[in-house]
Amino acid sequence: MKRAFISVYNKNKKLLNFSFFLKKKKYQIISTGGTFKFLKKNGLCPINISDITSFPEILDGRIKSIHPYIYAGILANRSIEKHIKLIDSYNIKLIDIVLIDCYPFYEMINNKSIEKKFLLEFIDIGGLSLIRAAAKNFHYVTAIIDSNDSKLVTKEIDSDGHTSLILRKKLAGKVFSFTSYYDSIISQYFFKEEKFPKIINLCYKKKMNLKYGENPHQKASFYIDNFNEKGAMSNFNQIHGKKISFNNIRDIDIAWKIVNQFSDPTCCIIKHSTPCGVASGKNIIEAFKNAYYSDSISSFGGVVAFNTVISCELAMKINHLFLEVIIAPFYEKGCIEILKLKKNLIIININNFSSDEIEYVKVDGGFLVQESDYLLNKKNDNYKIVTKKNFSNQEIKSLFFAQKVVKFVKSNAIVVARGTQTLGISGGQTNRIWAARQAINRALEKNKKELVLVSDAFFPFKDIIDEIANSKRIYAILQPGGSIRDYESIEACNHYGIAMAFTGKRYFKH
C-alpha cells in the first residue's frame with residue numbers, strides 16, 4: 001500500500017478534498033498532531049506519526065517528525081537493492097507523497113500580537129527538512145509545498161495511477177525555491193539592523209509577467225520584495241489599461257517617489273526615467289497645468305503622478321492629452337469612468353509611501369548595494385551662503401523645491417525653476433556646462449522672469465557661472481560645492497550679483 005505524509009499549518013477544504021482522494025486511491029495517510037486531529041474529525045483515518053516512531057511529540061511540538069522511520073521511508077533510493085533491504089530489516093515503510101505547509105514565519109513578523117520570543121516558534125524545522133528530503137528523492141517521491149499543486153497530482157494519479165517524473169521534478173524545484181525563500185526571510189529578520197552583511201540572501205516573489213522588457217524583443221517579469229510589504233511598488237493596483245511594461249514600472253517608481261516628497265498638491269511627469277516637469281500648486285489642477293507646461297513636448301506619452309486625489313475636472317483635462325500612465329493615491333467618484341474612455345491608459349492606485357532603505361544595482365556577475373539617497377536626504381535643507389548676496393525667502397523655497405527634483409535626474413543634472421515649478425531640466429550629459437546650457441535655454445523659452453538653478457554636483461569651472469549670468473534671469477544658485485576652483489565660482493557670482501550657497505551634499509544619479 002502506498003503512503004502519504006501530510007503535515008500542514010493551514011487546514012482547509014482543499015486539504016480534505018486531496019486527503020479523501022488519496023483514501024479513495026488506497027493511500028495510507030500519516031500525519032502529525034494538529035493535522036491528525038483535523039483529518040480524523042472530518043471522517044478520515046490517518047496514522048498518527050507517534051504510532052510509527054513509537055515516540056511522542058516533545059518540546060511543545062518542536063520534535064515530532066524528525067525520526068529515521070520517517071526520513072528513511074522518504075529518502076530510500078528504490079533502485080538500490082541494499083536501501084530496500086535495509087529499510088525492510090527495520091520494518092520501515094516507503095512514503096510516496098509528502099505534503100507540507102510550513103509555519104507562517106513571514107506572516108507573523110508584523111503581527112503585533114505576537115511577542116518576539118514567541119515568533120521563534122514559527123520558524124519551521126521539521127516541515128522544511130521533510131519536504132527537502134522528499135524533493136531530493138524526486139525520482140520516487142512527490143513533494144508538494146504549494147497546496148494548489150495537489151490538483152496536478154490528483155489529475156496524474158487519477159489518469160495514470162502515479163505522478164510523472166516530469167511533474168515530480170517540477171515540484172521538487174518549487175520546493176527548493178520555497179525553502180530558499182523561507183530561509184531568506186528568516187535571515188533578513190535576524191540581519192535587519194545590519195545593512196551590509198557578509199552574505200546577502202534576497203527574497204523576491206513574482207508579482208506579474210510584464211508586456212515586455214526595455215524593448216519589445218526582451219521578455220520581462222516584475223518581482224516584489226516579500227519581506228518589505230510596505231514598499232509602494234509591491235502594493236500598487238492597476239485599475240485599467242493595457243498590460244504594463246518594464247519601462248512603465250521604472251517610471252512609476254520614480255514619479256511616485258518625487259511627488260511624495262511634497263506636502264502641497266504636486267504633479268510629476270516622467271519620460272524615460274527622467275522628470276520632464278514637476279510642479280506644486282494651490283490645488284492639483286494648478287500643479288498639473290504647471291507640470292505639463294514645464295515641458296509639453298517631452299510629456300507626450302509620459303507617466304504622470306499626483307500626491308493627492310484626482311478630481312473629475314482634472315480627469316477631463318488629462319483625457320485631452322496622450323499619456324501612458326496615471327498614478328494617484330485616490331480617485332474622486334466618477335473619475336475612473338472618465339479616464340477609462342482612454343482604452344489603453346494605464347490607471348494606477350498607490351497608497352503606500354516609498355520605503356526602500358537599501359538599493360541594489362545589478363552588474364555582470366554581481367550587484368552593488370547602497371543606502372537609498374531618497375530616504376537619507378528626504379528632509380535635507382541645510383546650506384551655507386558663500387556669496388555677498390543672500391537668498392530671498394521666495395528663492396529659498398524655489399531652490400529646495402528644485403533640489404528635491406534634481407536628485408532624480410541623471411548626472412550631470414541641472415534644474416532651473418521659478419517658484420514651485422520646474423522650467424528647465426537637463427541630465428545625462430557628459431559635462432556640466434552642456435547640462436547647464438540645455439536647462440537654462442529650455443527655461444528661458446518658458447519664462448523670462450527671476451529663476452533659480454540647482455546642480456547635483458559642484459561646478460568644476462566658473463564657465464557655468466558665466467553661462468548663468470548670460471541668461472540675465474537666474475539670480476540664485478544651490479550646489480554642493482567641493483571643487484578646488486570653488487573660489488572662482490564664488491568670485492564670479494559676486495561679480496555678477498548672483499547669490500549662491502553650498503549644501504555640502506552631492507546628488508549623483510548614475
# chains A, B, ... in the order shown; residues from 1 in each chain; ligands from 1

call {"tool": "residues_around", "arguments": {"residues": "region 15-18 of chain A", "least_positions_apart": "5", "cutoff": "12 Å", "atoms": "only C-alpha atoms", "output": "NGL selection string"}}
result
:A and (4 or 6-10 or 23-25 or 27 or 29 or 35-36 or 38-46 or 97 or 99-101 or 144 or 146-155 or 157-158)

call {"tool": "closest_atom_pairs", "arguments": {"of": "region 350-418 of chain A", "to": "region 209-228 of chain A", "cutoff": "12 Å", "atoms": "only C-alpha atoms", "output": "CSV"}}
result
residue,atom,partner,partner_atom,distance
A:Asn352,CA,A:Asn228,CA,11.6
A:Ser354,CA,A:Asn228,CA,10.6
A:Ser355,CA,A:Asn228,CA,8.3
A:Asp356,CA,A:Asn228,CA,8.2
A:Glu357,CA,A:Asn228,CA,10.3
A:Ile358,CA,A:Asn228,CA,11.2
A:Glu359,CA,A:Asp225,CA,11.9
A:Tyr360,CA,A:Asp225,CA,11.9

call {"tool": "residues_around", "arguments": {"residues": "Leu321 (chain A)", "least_positions_apart": "3", "cutoff": "8 Å", "atoms": "only C-alpha atoms", "output": "list in words"}}
result
Phe300, Lys317 and Ile318 of chain A

call {"tool": "closest_atom_pairs", "arguments": {"of": "region 370-424 of chain A", "to": "region 455-466 of chain A", "cutoff": "10 Å", "atoms": "only C-alpha atoms", "output": "JSON lines"}}
result
{"residue": "A:Ala402", "atom": "CA", "partner": "A:Ser455", "partner_atom": "CA", "distance": 9.1}
{"residue": "A:Gln403", "atom": "CA", "partner": "A:Ser455", "partner_atom": "CA", "distance": 7.8}
{"residue": "A:Val405", "atom": "CA", "partner": "A:Asp456", "partner_atom": "CA", "distance": 9.7}
{"residue": "A:Val406", "atom": "CA", "partner": "A:Asp456", "partner_atom": "CA", "distance": 6.1}
{"residue": "A:Lys407", "atom": "CA", "partner": "A:Asp456", "partner_atom": "CA", "distance": 6.5}
{"residue": "A:Phe408", "atom": "CA", "partner": "A:Asp456", "partner_atom": "CA", "distance": 9.5}
{"residue": "A:Val409", "atom": "CA", "partner": "A:Asp456", "partner_atom": "CA", "distance": 8.5}
{"residue": "A:Lys410", "atom": "CA", "partner": "A:Asp456", "partner_atom": "CA", "distance": 9.2}
{"residue": "A:Ser411", "atom": "CA", "partner": "A:Asp456", "partner_atom": "CA", "distance": 7.2}
{"residue": "A:Asn412", "atom": "CA", "partner": "A:Asp456", "partner_atom": "CA", "distance": 7.0}
{"residue": "A:Ala413", "atom": "CA", "partner": "A:Asp456", "partner_atom": "CA", "distance": 5.5}
{"residue": "A:Ile414", "atom": "CA", "partner": "A:Ser455", "partner_atom": "CA", "distance": 4.7}
{"residue": "A:Val415", "atom": "CA", "partner": "A:Ser455", "partner_atom": "CA", "distance": 6.6}
{"residue": "A:Val416", "atom": "CA", "partner": "A:Ser455", "partner_atom": "CA", "distance": 8.9}

call {"tool": "closest_residue", "arguments": {"among": "A:Ile285, A:Leu339, A:Gly365, A:Ser298", "to": "His240 (chain A)", "atoms": "only C-alpha atoms"}}
result
A:Leu339

call {"tool": "atom_distance", "arguments": {"atom1": "CA of Val175 (chain A)", "atom2": "CA of Tyr103 (chain A)"}}
result
14.7 Å

call {"tool": "decode", "arguments": {"residues": "region 166-251 of chain A", "atoms": "C-alpha atoms", "output": "mmCIF file, in the first residue's frame"}}
result
data_model
loop_
_atom_site.group_PDB
_atom_site.id
_atom_site.type_symbol
_atom_site.label_atom_id
_atom_site.label_comp_id
_atom_site.auth_asym_id
_atom_site.auth_seq_id
_atom_site.Cartn_x
_atom_site.Cartn_y
_atom_site.Cartn_z
ATOM 1 C CA ILE A 166 8.377 15.456 -15.159
ATOM 2 C CA LEU A 167 5.846 16.653 -12.589
ATOM 3 C CA ARG A 168 7.863 15.355 -9.619
ATOM 4 C CA LYS A 169 10.956 17.206 -10.847
ATOM 5 C CA LYS A 170 8.971 20.414 -11.329
ATOM 6 C CA LEU A 171 7.504 20.137 -7.828
ATOM 7 C CA ALA A 172 10.967 19.450 -6.380
ATOM 8 C CA GLY A 173 12.219 22.656 -7.974
ATOM 9 C CA LYS A 174 9.363 24.568 -6.348
ATOM 10 C CA VAL A 175 10.307 23.051 -3.006
ATOM 11 C CA PHE A 176 13.899 24.284 -3.131
ATOM 12 C CA SER A 177 12.766 27.719 -4.360
ATOM 13 C CA PHE A 178 10.408 27.889 -1.395
ATOM 14 C CA THR A 179 12.890 26.666 1.226
ATOM 15 C CA SER A 180 15.457 29.176 -0.054
ATOM 16 C CA TYR A 181 12.824 31.915 0.116
ATOM 17 C CA TYR A 182 11.715 30.840 3.603
ATOM 18 C CA ASP A 183 15.261 30.865 4.964
ATOM 19 C CA SER A 184 15.933 34.214 3.280
ATOM 20 C CA ILE A 185 13.052 35.794 5.182
ATOM 21 C CA ILE A 186 14.433 34.458 8.462
ATOM 22 C CA SER A 187 17.923 35.651 7.541
ATOM 23 C CA GLN A 188 16.635 39.146 6.727
ATOM 24 C CA TYR A 189 14.765 39.243 10.021
ATOM 25 C CA PHE A 190 17.925 38.498 12.001
ATOM 26 C CA PHE A 191 20.029 40.876 9.896
ATOM 27 C CA LYS A 192 17.508 43.718 9.662
ATOM 28 C CA GLU A 193 19.751 46.028 11.710
ATOM 29 C CA GLU A 194 22.792 45.231 9.545
ATOM 30 C CA LYS A 195 22.782 46.963 6.163
ATOM 31 C CA PHE A 196 25.745 45.188 4.628
ATOM 32 C CA PRO A 197 26.045 41.600 5.935
ATOM 33 C CA LYS A 198 28.776 39.316 4.593
ATOM 34 C CA ILE A 199 26.211 37.242 2.692
ATOM 35 C CA ILE A 200 23.006 38.721 1.251
ATOM 36 C CA ASN A 201 20.004 36.497 0.634
ATOM 37 C CA LEU A 202 17.411 38.318 -1.427
ATOM 38 C CA CYS A 203 13.796 37.274 -1.147
ATOM 39 C CA TYR A 204 11.597 38.263 -4.070
ATOM 40 C CA LYS A 205 8.363 36.780 -5.358
ATOM 41 C CA LYS A 206 6.896 37.203 -8.844
ATOM 42 C CA LYS A 207 4.054 39.713 -8.928
ATOM 43 C CA MET A 208 3.421 39.610 -12.665
ATOM 44 C CA ASN A 209 4.749 38.937 -16.127
ATOM 45 C CA LEU A 210 5.274 42.206 -17.987
ATOM 46 C CA LYS A 211 4.279 43.158 -21.519
ATOM 47 C CA TYR A 212 7.990 43.165 -22.433
ATOM 48 C CA GLY A 213 11.342 44.430 -21.173
ATOM 49 C CA GLU A 214 13.082 47.680 -22.078
ATOM 50 C CA ASN A 215 12.453 46.700 -25.709
ATOM 51 C CA PRO A 216 9.715 44.532 -27.274
ATOM 52 C CA HIS A 217 12.147 41.701 -28.073
ATOM 53 C CA GLN A 218 13.061 41.309 -24.371
ATOM 54 C CA LYS A 219 10.885 39.216 -22.042
ATOM 55 C CA ALA A 220 10.439 40.532 -18.504
ATOM 56 C CA SER A 221 8.722 39.925 -15.168
ATOM 57 C CA PHE A 222 8.228 42.012 -12.032
ATOM 58 C CA TYR A 223 9.254 40.608 -8.644
ATOM 59 C CA ILE A 224 8.429 42.185 -5.313
ATOM 60 C CA ASP A 225 10.272 42.190 -2.007
ATOM 61 C CA ASN A 226 8.134 39.922 0.140
ATOM 62 C CA PHE A 227 9.943 40.928 3.324
ATOM 63 C CA ASN A 228 9.134 44.624 2.867
ATOM 64 C CA GLU A 229 5.369 44.540 2.386
ATOM 65 C CA LYS A 230 5.139 48.315 2.887
ATOM 66 C CA GLY A 231 7.044 49.099 -0.304
ATOM 67 C CA ALA A 232 4.986 51.296 -2.644
ATOM 68 C CA MET A 233 5.753 49.238 -5.725
ATOM 69 C CA SER A 234 4.855 45.965 -4.029
ATOM 70 C CA ASN A 235 1.296 47.150 -3.398
ATOM 71 C CA PHE A 236 0.213 49.199 -6.385
ATOM 72 C CA ASN A 237 -3.068 48.310 -8.058
ATOM 73 C CA GLN A 238 -3.716 48.582 -11.795
ATOM 74 C CA ILE A 239 -7.317 49.665 -12.260
ATOM 75 C CA HIS A 240 -7.425 49.940 -16.042
ATOM 76 C CA GLY A 241 -5.414 49.895 -19.239
ATOM 77 C CA LYS A 242 -3.085 47.811 -21.330
ATOM 78 C CA LYS A 243 -0.598 45.329 -19.944
ATOM 79 C CA ILE A 244 2.132 47.079 -18.004
ATOM 80 C CA SER A 245 5.742 47.070 -19.241
ATOM 81 C CA PHE A 246 9.234 47.083 -17.720
ATOM 82 C CA ASN A 247 9.702 50.783 -18.557
ATOM 83 C CA ASN A 248 6.300 51.638 -17.049
ATOM 84 C CA ILE A 249 7.357 50.120 -13.711
ATOM 85 C CA ARG A 250 10.633 52.084 -13.681
ATOM 86 C CA ASP A 251 8.855 55.344 -14.463
#
